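Source file final-v3.cif; content: mmCIF, C-alpha atoms.
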```
data_data
#
loop_
_atom_site.group_PDB
_atom_site.id
_atom_site.type_symbol
_atom_site.label_atom_id
_atom_site.label_comp_id
_atom_site.auth_asym_id
_atom_site.auth_seq_id
_atom_site.Cartn_x
_atom_site.Cartn_y
_atom_site.Cartn_z
ATOM 1 C CA MET A 1 53.415 70.484 17.677
ATOM 2 C CA LYS A 2 51.817 73.864 17.021
ATOM 3 C CA LEU A 3 48.548 74.998 18.588
ATOM 4 C CA VAL A 4 46.299 76.659 16.010
ATOM 5 C CA LEU A 5 43.505 78.702 17.580
ATOM 6 C CA TRP A 6 40.756 79.638 15.154
ATOM 7 C CA ASP A 7 38.417 82.556 15.638
ATOM 8 C CA ILE A 8 34.866 81.672 14.539
ATOM 9 C CA ASP A 9 32.694 84.597 13.449
ATOM 10 C CA ARG A 10 33.716 86.243 10.167
ATOM 11 C CA THR A 11 36.823 84.055 10.059
ATOM 12 C CA LEU A 12 35.191 80.664 9.546
ATOM 13 C CA VAL A 13 31.483 81.465 9.400
ATOM 14 C CA TYR A 14 29.051 84.307 8.948
ATOM 15 C CA THR A 15 25.661 84.019 10.609
ATOM 16 C CA GLY A 16 24.202 87.365 9.603
ATOM 17 C CA ASN A 17 21.960 89.004 12.173
ATOM 18 C CA ILE A 18 21.217 85.857 14.185
ATOM 19 C CA ASP A 19 23.461 86.857 17.112
ATOM 20 C CA ARG A 20 21.808 90.268 17.198
ATOM 21 C CA GLN A 21 18.389 88.647 17.159
ATOM 22 C CA VAL A 22 19.429 86.511 20.135
ATOM 23 C CA TYR A 23 20.661 89.595 22.003
ATOM 24 C CA ARG A 24 17.331 91.272 21.261
ATOM 25 C CA GLU A 25 15.329 88.287 22.507
ATOM 26 C CA ALA A 26 17.351 87.861 25.714
ATOM 27 C CA PHE A 27 17.339 91.581 26.525
ATOM 28 C CA THR A 28 13.576 91.769 26.036
ATOM 29 C CA ALA A 29 12.956 88.705 28.204
ATOM 30 C CA VAL A 30 15.190 89.902 31.045
ATOM 31 C CA VAL A 31 14.683 93.677 31.002
ATOM 32 C CA GLY A 32 11.046 93.665 29.918
ATOM 33 C CA ARG A 33 11.292 95.979 26.909
ATOM 34 C CA LEU A 34 12.768 95.951 23.427
ATOM 35 C CA PRO A 35 16.313 97.312 23.093
ATOM 36 C CA GLU A 36 16.760 100.494 21.111
ATOM 37 C CA ALA A 37 20.414 99.727 20.335
ATOM 38 C CA LEU A 38 22.321 96.488 19.776
ATOM 39 C CA PRO A 39 26.066 95.661 20.063
ATOM 40 C CA ALA A 40 28.264 96.677 17.163
ATOM 41 C CA LYS A 41 28.896 94.047 14.503
ATOM 42 C CA GLY A 42 32.207 92.389 13.695
ATOM 43 C CA THR A 43 34.273 93.846 16.528
ATOM 44 C CA GLY A 44 35.432 90.561 18.090
ATOM 45 C CA VAL A 45 34.383 91.731 21.565
ATOM 46 C CA THR A 46 33.494 88.843 23.880
ATOM 47 C CA MET A 47 29.828 88.123 24.465
ATOM 48 C CA PRO A 48 29.890 89.127 28.171
ATOM 49 C CA LEU A 49 31.330 92.531 27.263
ATOM 50 C CA ALA A 50 28.856 92.872 24.394
ATOM 51 C CA VAL A 51 26.023 92.202 26.834
ATOM 52 C CA ARG A 52 27.260 94.952 29.140
ATOM 53 C CA GLU A 53 27.474 97.284 26.120
ATOM 54 C CA LEU A 54 23.901 96.296 25.286
ATOM 55 C CA LEU A 55 22.678 97.203 28.757
ATOM 56 C CA VAL A 56 24.613 100.466 29.008
ATOM 57 C CA SER A 57 23.611 101.666 25.543
ATOM 58 C CA ASN A 58 19.966 101.002 26.411
ATOM 59 C CA HIS A 59 20.161 103.119 29.564
ATOM 60 C CA VAL A 60 19.794 100.342 32.120
ATOM 61 C CA PRO A 61 20.637 101.726 35.589
ATOM 62 C CA ALA A 62 24.214 100.989 36.620
ATOM 63 C CA ASP A 63 23.199 99.230 39.816
ATOM 64 C CA ARG A 64 21.192 96.664 37.822
ATOM 65 C CA ILE A 65 23.756 95.877 35.138
ATOM 66 C CA ASP A 66 25.680 93.069 36.872
ATOM 67 C CA ALA A 67 22.600 91.024 37.747
ATOM 68 C CA LEU A 68 20.872 91.594 34.425
ATOM 69 C CA ALA A 69 24.056 90.819 32.473
ATOM 70 C CA ASP A 70 24.370 87.458 34.233
ATOM 71 C CA SER A 71 20.761 86.628 33.406
ATOM 72 C CA ILE A 72 21.153 87.538 29.734
ATOM 73 C CA ILE A 73 24.435 85.643 29.375
ATOM 74 C CA GLU A 74 22.838 82.548 30.859
ATOM 75 C CA GLN A 75 20.087 82.673 28.234
ATOM 76 C CA LEU A 76 22.215 83.272 25.141
ATOM 77 C CA PRO A 77 23.301 79.706 24.265
ATOM 78 C CA GLN A 78 19.839 78.244 24.681
ATOM 79 C CA ARG A 79 18.263 80.993 22.610
ATOM 80 C CA LEU A 80 20.949 80.595 19.925
ATOM 81 C CA ASN A 81 20.332 76.854 19.852
ATOM 82 C CA ALA A 82 16.658 77.568 19.175
ATOM 83 C CA HIS A 83 17.843 79.141 15.916
ATOM 84 C CA ARG A 84 20.108 76.227 14.982
ATOM 85 C CA GLU A 85 18.069 75.260 11.916
ATOM 86 C CA LEU A 86 18.152 78.885 10.785
ATOM 87 C CA ILE A 87 21.943 78.959 11.198
ATOM 88 C CA ALA A 88 22.232 75.759 9.154
ATOM 89 C CA ARG A 89 19.962 77.166 6.466
ATOM 90 C CA GLU A 90 21.109 80.781 6.250
ATOM 91 C CA GLY A 91 24.558 80.775 7.850
ATOM 92 C CA THR A 92 27.597 80.753 5.567
ATOM 93 C CA VAL A 93 30.880 78.888 5.773
ATOM 94 C CA LEU A 94 33.289 81.492 4.438
ATOM 95 C CA PRO A 95 35.260 80.814 1.240
ATOM 96 C CA GLY A 96 38.033 78.283 1.786
ATOM 97 C CA ALA A 97 37.262 77.819 5.475
ATOM 98 C CA ARG A 98 36.182 74.185 5.329
ATOM 99 C CA GLU A 99 39.166 73.209 3.208
ATOM 100 C CA ALA A 100 41.546 75.143 5.457
ATOM 101 C CA LEU A 101 40.113 73.527 8.579
ATOM 102 C CA ALA A 102 40.409 70.068 7.037
ATOM 103 C CA ALA A 103 44.004 70.656 5.973
ATOM 104 C CA VAL A 104 45.076 71.883 9.408
ATOM 105 C CA HIS A 105 43.204 69.009 11.050
ATOM 106 C CA ASP A 106 44.982 66.461 8.848
ATOM 107 C CA ASP A 107 48.486 67.757 9.620
ATOM 108 C CA ASP A 108 49.883 65.721 12.516
ATOM 109 C CA LEU A 109 52.081 68.626 13.628
ATOM 110 C CA LEU A 110 49.162 71.038 13.994
ATOM 111 C CA LEU A 111 46.594 70.975 16.801
ATOM 112 C CA PRO A 112 43.467 72.913 15.758
ATOM 113 C CA SER A 113 41.123 74.414 18.330
ATOM 114 C CA VAL A 114 39.413 77.755 18.969
ATOM 115 C CA VAL A 115 39.788 80.996 20.869
ATOM 116 C CA THR A 116 36.569 82.914 20.514
ATOM 117 C CA GLY A 117 34.443 85.666 21.949
ATOM 118 C CA ASN A 118 31.535 83.230 21.870
ATOM 119 C CA LEU A 119 30.422 81.374 24.964
ATOM 120 C CA ARG A 120 31.408 77.694 24.839
ATOM 121 C CA ARG A 121 27.881 76.417 24.169
ATOM 122 C CA SER A 122 27.234 79.134 21.595
ATOM 123 C CA ALA A 123 30.428 78.227 19.735
ATOM 124 C CA ARG A 124 29.357 74.589 19.614
ATOM 125 C CA VAL A 125 25.923 75.515 18.280
ATOM 126 C CA LYS A 126 27.401 77.466 15.364
ATOM 127 C CA LEU A 127 30.096 74.953 14.454
ATOM 128 C CA LEU A 128 27.792 71.949 14.714
ATOM 129 C CA ALA A 129 25.033 73.662 12.735
ATOM 130 C CA LEU A 130 27.465 74.372 9.890
ATOM 131 C CA ASN A 131 29.199 70.987 10.133
ATOM 132 C CA LEU A 132 32.655 72.274 11.102
ATOM 133 C CA ALA A 133 33.111 70.951 14.637
ATOM 134 C CA GLN A 134 34.738 67.697 13.485
ATOM 135 C CA TYR A 135 37.839 69.596 12.375
ATOM 136 C CA LEU A 136 38.535 71.038 15.839
ATOM 137 C CA ASP A 137 39.423 69.783 19.297
ATOM 138 C CA MET A 138 36.962 72.035 21.031
ATOM 139 C CA ASP A 139 37.781 70.636 24.472
ATOM 140 C CA VAL A 140 41.147 72.412 24.519
ATOM 141 C CA GLY A 141 39.786 75.690 23.193
ATOM 142 C CA ALA A 142 38.958 78.763 25.254
ATOM 143 C CA TYR A 143 35.747 80.740 25.274
ATOM 144 C CA ALA A 144 34.200 83.925 26.602
ATOM 145 C CA SER A 145 32.507 81.793 29.251
ATOM 146 C CA ASP A 146 36.021 81.106 30.604
ATOM 147 C CA ASP A 147 37.024 84.769 30.802
ATOM 148 C CA ALA A 148 35.482 87.937 29.359
ATOM 149 C CA HIS A 149 38.998 89.373 28.810
ATOM 150 C CA ARG A 150 39.905 87.867 25.476
ATOM 151 C CA PRO A 151 43.731 87.857 25.810
ATOM 152 C CA SER A 152 43.396 85.679 28.922
ATOM 153 C CA LEU A 153 41.882 82.963 26.751
ATOM 154 C CA VAL A 154 45.203 82.193 25.064
ATOM 155 C CA ARG A 155 46.796 80.930 28.269
ATOM 156 C CA ILE A 156 43.662 78.944 29.111
ATOM 157 C CA ALA A 157 43.806 77.188 25.735
ATOM 158 C CA GLN A 158 47.545 76.605 26.022
ATOM 159 C CA GLU A 159 47.150 75.014 29.441
ATOM 160 C CA ARG A 160 44.264 72.817 28.310
ATOM 161 C CA ALA A 161 46.192 71.696 25.248
ATOM 162 C CA ALA A 162 49.307 71.011 27.325
ATOM 163 C CA SER A 163 47.313 68.883 29.742
ATOM 164 C CA ALA A 164 45.651 66.924 26.941
ATOM 165 C CA TYR A 165 48.641 66.445 24.629
ATOM 166 C CA GLY A 166 51.735 66.688 26.827
ATOM 167 C CA TYR A 167 53.375 69.594 25.004
ATOM 168 C CA VAL A 168 54.309 73.010 26.346
ATOM 169 C CA PHE A 169 52.585 75.739 24.368
ATOM 170 C CA ASN A 170 53.712 79.356 24.353
ATOM 171 C CA ARG A 171 54.084 82.234 21.904
ATOM 172 C CA THR A 172 56.602 80.320 19.779
ATOM 173 C CA ASN A 173 54.199 77.498 18.938
ATOM 174 C CA THR A 174 50.734 79.057 19.254
ATOM 175 C CA VAL A 175 49.006 80.820 16.368
ATOM 176 C CA ILE A 176 45.668 82.635 16.303
ATOM 177 C CA ILE A 177 43.843 82.885 12.972
ATOM 178 C CA GLY A 178 41.265 85.655 13.039
ATOM 179 C CA ASP A 179 39.672 88.575 11.242
ATOM 180 C CA SER A 180 39.432 91.367 13.816
ATOM 181 C CA LEU A 181 41.664 93.795 15.663
ATOM 182 C CA GLN A 182 40.599 91.951 18.820
ATOM 183 C CA ASP A 183 42.254 88.810 17.431
ATOM 184 C CA VAL A 184 45.504 90.708 16.936
ATOM 185 C CA THR A 185 45.350 92.196 20.432
ATOM 186 C CA THR A 186 44.520 88.787 21.882
ATOM 187 C CA GLY A 187 47.664 87.322 20.372
ATOM 188 C CA GLN A 188 49.906 90.230 21.309
ATOM 189 C CA GLN A 189 48.749 90.421 24.912
ATOM 190 C CA GLY A 190 47.935 86.756 25.425
ATOM 191 C CA GLY A 191 51.035 85.112 24.025
ATOM 192 C CA ALA A 192 50.420 83.931 20.445
ATOM 193 C CA GLN A 193 51.368 84.807 16.922
ATOM 194 C CA VAL A 194 48.571 86.036 14.683
ATOM 195 C CA ILE A 195 47.596 85.307 11.104
ATOM 196 C CA GLY A 196 45.025 87.926 10.192
ATOM 197 C CA VAL A 197 42.335 87.154 7.637
ATOM 198 C CA ALA A 198 40.653 90.110 5.945
ATOM 199 C CA SER A 199 37.310 88.327 5.684
ATOM 200 C CA GLY A 200 35.476 90.484 8.213
ATOM 201 C CA THR A 201 35.028 94.196 8.734
ATOM 202 C CA THR A 202 38.760 94.946 9.170
ATOM 203 C CA SER A 203 40.976 95.507 6.144
ATOM 204 C CA ALA A 204 44.247 93.699 5.539
ATOM 205 C CA GLU A 205 46.067 97.009 5.953
ATOM 206 C CA ARG A 206 44.565 97.639 9.393
ATOM 207 C CA LEU A 207 45.304 94.080 10.538
ATOM 208 C CA MET A 208 48.922 94.422 9.491
ATOM 209 C CA ALA A 209 49.259 97.893 11.022
ATOM 210 C CA ALA A 210 47.859 96.550 14.298
ATOM 211 C CA GLY A 211 50.654 94.000 14.461
ATOM 212 C CA ALA A 212 49.453 90.777 12.835
ATOM 213 C CA ASP A 213 52.442 88.606 11.927
ATOM 214 C CA HIS A 214 50.918 87.764 8.548
ATOM 215 C CA VAL A 215 47.692 88.706 6.777
ATOM 216 C CA LEU A 216 45.701 86.760 4.190
ATOM 217 C CA PRO A 217 42.860 88.177 2.079
ATOM 218 C CA ASP A 218 40.774 85.072 2.846
ATOM 219 C CA LEU A 219 41.203 81.336 3.444
ATOM 220 C CA THR A 220 40.994 80.158 -0.158
ATOM 221 C CA ASP A 221 44.734 79.483 -0.552
ATOM 222 C CA THR A 222 45.150 76.454 1.693
ATOM 223 C CA ASP A 223 48.736 75.842 0.614
ATOM 224 C CA GLN A 224 49.753 79.371 1.595
ATOM 225 C CA LEU A 225 48.092 79.012 4.981
ATOM 226 C CA LEU A 226 49.842 75.712 5.675
ATOM 227 C CA GLN A 227 53.143 77.226 4.585
ATOM 228 C CA LEU A 228 52.681 80.088 7.039
ATOM 229 C CA LEU A 229 51.772 77.689 9.838
ATOM 230 C CA THR A 230 54.596 75.256 9.246
ATOM 231 C CA HIS A 231 57.426 77.451 7.999
ATOM 232 C CA HIS A 232 56.975 81.164 8.482
ATOM 233 C CA THR A 233 55.644 81.431 11.973
ATOM 234 C CA THR A 234 58.242 81.146 14.696
ATOM 235 C CA GLN A 235 59.519 77.628 15.152
#
```
Can the structure in the file be given as structure tokens, please?
Amino acid sequence: MKLVLWDIDRTLVYTGNIDRQVYREAFTAVVGRLPEALPAKGTGVTMPLAVRELLVSNHVPADRIDALADSIIEQLPQRLNAHRELIAREGTVLPGAREALAAVHDDDLLLPSVVTGNLRRSARVKLLALNLAQYLDMDVGAYASDDAHRPSLVRIAQERAASAYGYVFNRTNTVIIGDSLQDVTTGQQGGAQVIGVASGTTSAERLMAAGADHVLPDLTDTDQLLQLLTHHTTQ
């Protein structure tokens, strides 16, 4: 069995500026003023680190950052859930993503889950709103609420999957599918192969140069993706 760990944002879905709106709302509620700067888009940085970037870039005193970051992080899933209808209405399932998810889900030798910079509850909100959660075993995934250091999430997912399914998962049978340089780094440092997808802000050339094992332009060629997962990644 092979563990397939999907990234979410800009790999499977695009939710526009909704995350940034949620950051803005939470910052304003906790800090008491509107932020002048928001986290960069499409970087793949985990939400806890993005929150710290948000506080630092808006000149919050260093001795207040830890406490305020915890308060903002606690609010994010609930505030995102308040926008669930907006996500369903304006969010986009990226080309080929639903078909690719279904194909991986239906292959008995592939175990699909997620490794994401989203908090667990935020990931569920997005995937449920866009009707994708049924293709994933989200219980064995790993999230920024488990560890803000993204490479550490690979081992967490591998251990959860091993406990649930009775297989040993390591670099030889774990694959991350993602769009950002963070996804490549996560695989390299965390212990997984990486299939890059140039559907986000990072080009195919940069993903390959960073060390992705394979790179696809998007997820529209389901047969090619399955071939990579079942034949061309390390057995």
Result set of the PyMOL selection byres ((chain A and resi 214) around 12) on the coordinates above, as JSON, numbers by chain
{"A": [175, 176, 177, 178, 179, 184, 193, 194, 195, 196, 197, 198, 204, 205, 206, 207, 208, 209, 210, 211, 212, 213, 215, 216, 217, 218, 224, 225, 227, 228, 229, 232, 233, 234]}
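Ranking A:Gly190, A:Gly200, A:Gly91, A:Gly16 by their shortest atom-to-atom distance to A:Leu130, with all atoms listed in the file included, puts A:Gly91 first.
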Using 6 Å as the limit and counting all atoms listed in the file, can you tabulate each residue of stretch 6-66 of chain A that touches stretch 97-116 of chain A, with its shortest atom-to-atom distance in Å and the two atoms involved, as CSV?
```
residue,atom,partner,partner_atom,distance
A:Trp6,CA,A:Val114,CA,4.5
A:Asp7,CA,A:Thr116,CA,5.2
A:Leu12,CA,A:Ala97,CA,5.4
```
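Between atom CA of A:Ile8 and atom CA of A:Leu128 the separation is 12.0 Å.
Distance annotation: of A:Leu181, A:Met138, A:Val45, A:Ile18, the residue with the minimal separation from A:Glu85 is A:Ile18; atom set is all atoms listed in the file.
Restricting the calculation to only C-alpha atoms, the smallest distance between A:His59 and any of A:Met47, A:Ala37, A:Leu119, A:Leu127 is found for A:Ala37.
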Evaluate the PyMOL selection byres ((chain A and resi 19) around 12) and record the selected residues as a PyMOL selection string, following the chain and residue labels used in the document.
chain A and resi 9+14-18+20-26+38-42+47+50-51+76-77+79-84+86-87+91+118-119+122-123+125-126
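Interatomic distance, atom CA of A:Asn58 to atom CA of A:Thr185: 27.5 Å.
Closest to A:Thr220 among A:Val56, A:Ala67, A:Leu94, A:Val13 is A:Leu94, based on all atoms listed in the file.
Each of A:Ala69, A:Asn131, A:Gly117, A:Thr230 was checked against A:Arg150 using all atoms listed in the file; the smallest atom-to-atom distance is that of A:Gly117.
In terms of minimum interatomic distance to A:Ile156, A:Gly191 ranks closest within A:Tyr135, A:Gln182, A:Gly191, A:Thr92, counting all atoms listed in the file.
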Rounded to one decimal, what separation in Å do you get between atom CA of A:Ile72 and atom CA of A:Gly44?
18.7 Å
What would stretch 43-54 of chain A look like with all heavy atoms in place, written as a CSV table (one decimal), in the frame of the given file?
```csv
chain,number,residue,atom,x,y,z
A,43,THR,N,33.2,93.2,15.8
A,43,THR,CA,34.3,93.8,16.5
A,43,THR,C,35.2,92.8,17.2
A,43,THR,O,36.3,93.1,17.6
A,43,THR,CB,33.7,94.8,17.6
A,43,THR,OG1,32.9,94.0,18.5
A,43,THR,CG2,32.8,95.8,17.0
A,44,GLY,N,34.7,91.6,17.4
A,44,GLY,CA,35.4,90.6,18.1
A,44,GLY,C,35.4,90.7,19.6
A,44,GLY,O,36.0,89.9,20.3
A,45,VAL,N,34.5,91.6,20.1
A,45,VAL,CA,34.4,91.7,21.6
A,45,VAL,C,33.7,90.5,22.1
A,45,VAL,O,32.8,89.9,21.5
A,45,VAL,CB,33.6,93.0,21.9
A,45,VAL,CG1,33.1,93.0,23.3
A,45,VAL,CG2,34.3,94.2,21.5
A,46,THR,N,34.1,90.0,23.3
A,46,THR,CA,33.5,88.8,23.9
A,46,THR,C,32.0,89.1,24.2
A,46,THR,O,31.6,90.2,24.5
A,46,THR,CB,34.2,88.4,25.2
A,46,THR,OG1,34.2,89.5,26.1
A,46,THR,CG2,35.7,88.1,24.9
A,47,MET,N,31.3,88.0,24.2
A,47,MET,CA,29.8,88.1,24.5
A,47,MET,C,29.5,88.8,25.8
A,47,MET,O,28.6,89.6,25.9
A,47,MET,CB,29.2,86.8,24.3
A,47,MET,CG,28.9,86.3,22.9
A,47,MET,SD,27.9,84.8,22.8
A,47,MET,CE,27.6,84.8,21.0
A,48,PRO,N,30.2,88.4,26.9
A,48,PRO,CA,29.9,89.1,28.2
A,48,PRO,C,30.1,90.6,28.1
A,48,PRO,O,29.3,91.4,28.7
A,48,PRO,CB,30.9,88.5,29.2
A,48,PRO,CG,31.1,87.1,28.6
A,48,PRO,CD,31.1,87.3,27.1
A,49,LEU,N,31.1,91.1,27.4
A,49,LEU,CA,31.3,92.5,27.3
A,49,LEU,C,30.3,93.1,26.3
A,49,LEU,O,29.8,94.3,26.5
A,49,LEU,CB,32.7,92.8,26.8
A,49,LEU,CG,33.9,92.4,27.7
A,49,LEU,CD1,35.2,92.8,27.1
A,49,LEU,CD2,33.7,93.0,29.1
A,50,ALA,N,29.9,92.4,25.3
A,50,ALA,CA,28.9,92.9,24.4
A,50,ALA,C,27.5,93.0,25.1
A,50,ALA,O,26.8,94.0,24.9
A,50,ALA,CB,28.7,91.9,23.2
A,51,VAL,N,27.3,92.1,26.1
A,51,VAL,CA,26.0,92.2,26.8
A,51,VAL,C,26.0,93.4,27.7
A,51,VAL,O,25.0,94.2,27.8
A,51,VAL,CB,25.8,90.9,27.7
A,51,VAL,CG1,24.7,91.1,28.7
A,51,VAL,CG2,25.5,89.8,26.8
A,52,ARG,N,27.2,93.7,28.3
A,52,ARG,CA,27.3,95.0,29.1
A,52,ARG,C,27.1,96.2,28.3
A,52,ARG,O,26.4,97.2,28.7
A,52,ARG,CB,28.6,95.0,29.9
A,52,ARG,CG,28.7,93.8,30.9
A,52,ARG,CD,30.0,94.0,31.7
A,52,ARG,NE,29.9,95.1,32.7
A,52,ARG,CZ,29.3,94.9,33.9
A,52,ARG,NH1,28.8,93.8,34.3
A,52,ARG,NH2,29.2,96.0,34.7
A,53,GLU,N,27.7,96.2,27.1
A,53,GLU,CA,27.5,97.3,26.1
A,53,GLU,C,26.0,97.4,25.8
A,53,GLU,O,25.5,98.6,25.7
A,53,GLU,CB,28.3,97.0,24.8
A,53,GLU,CG,28.0,98.0,23.7
A,53,GLU,CD,28.5,97.6,22.4
A,53,GLU,OE1,29.5,96.7,22.3
A,53,GLU,OE2,28.0,98.0,21.4
A,54,LEU,N,25.3,96.3,25.6
A,54,LEU,CA,23.9,96.3,25.3
A,54,LEU,C,23.1,97.0,26.4
A,54,LEU,O,22.2,97.8,26.1
A,54,LEU,CB,23.4,94.8,25.1
A,54,LEU,CG,21.9,94.6,24.9
A,54,LEU,CD1,21.5,95.2,23.6
A,54,LEU,CD2,21.7,93.1,24.9
```
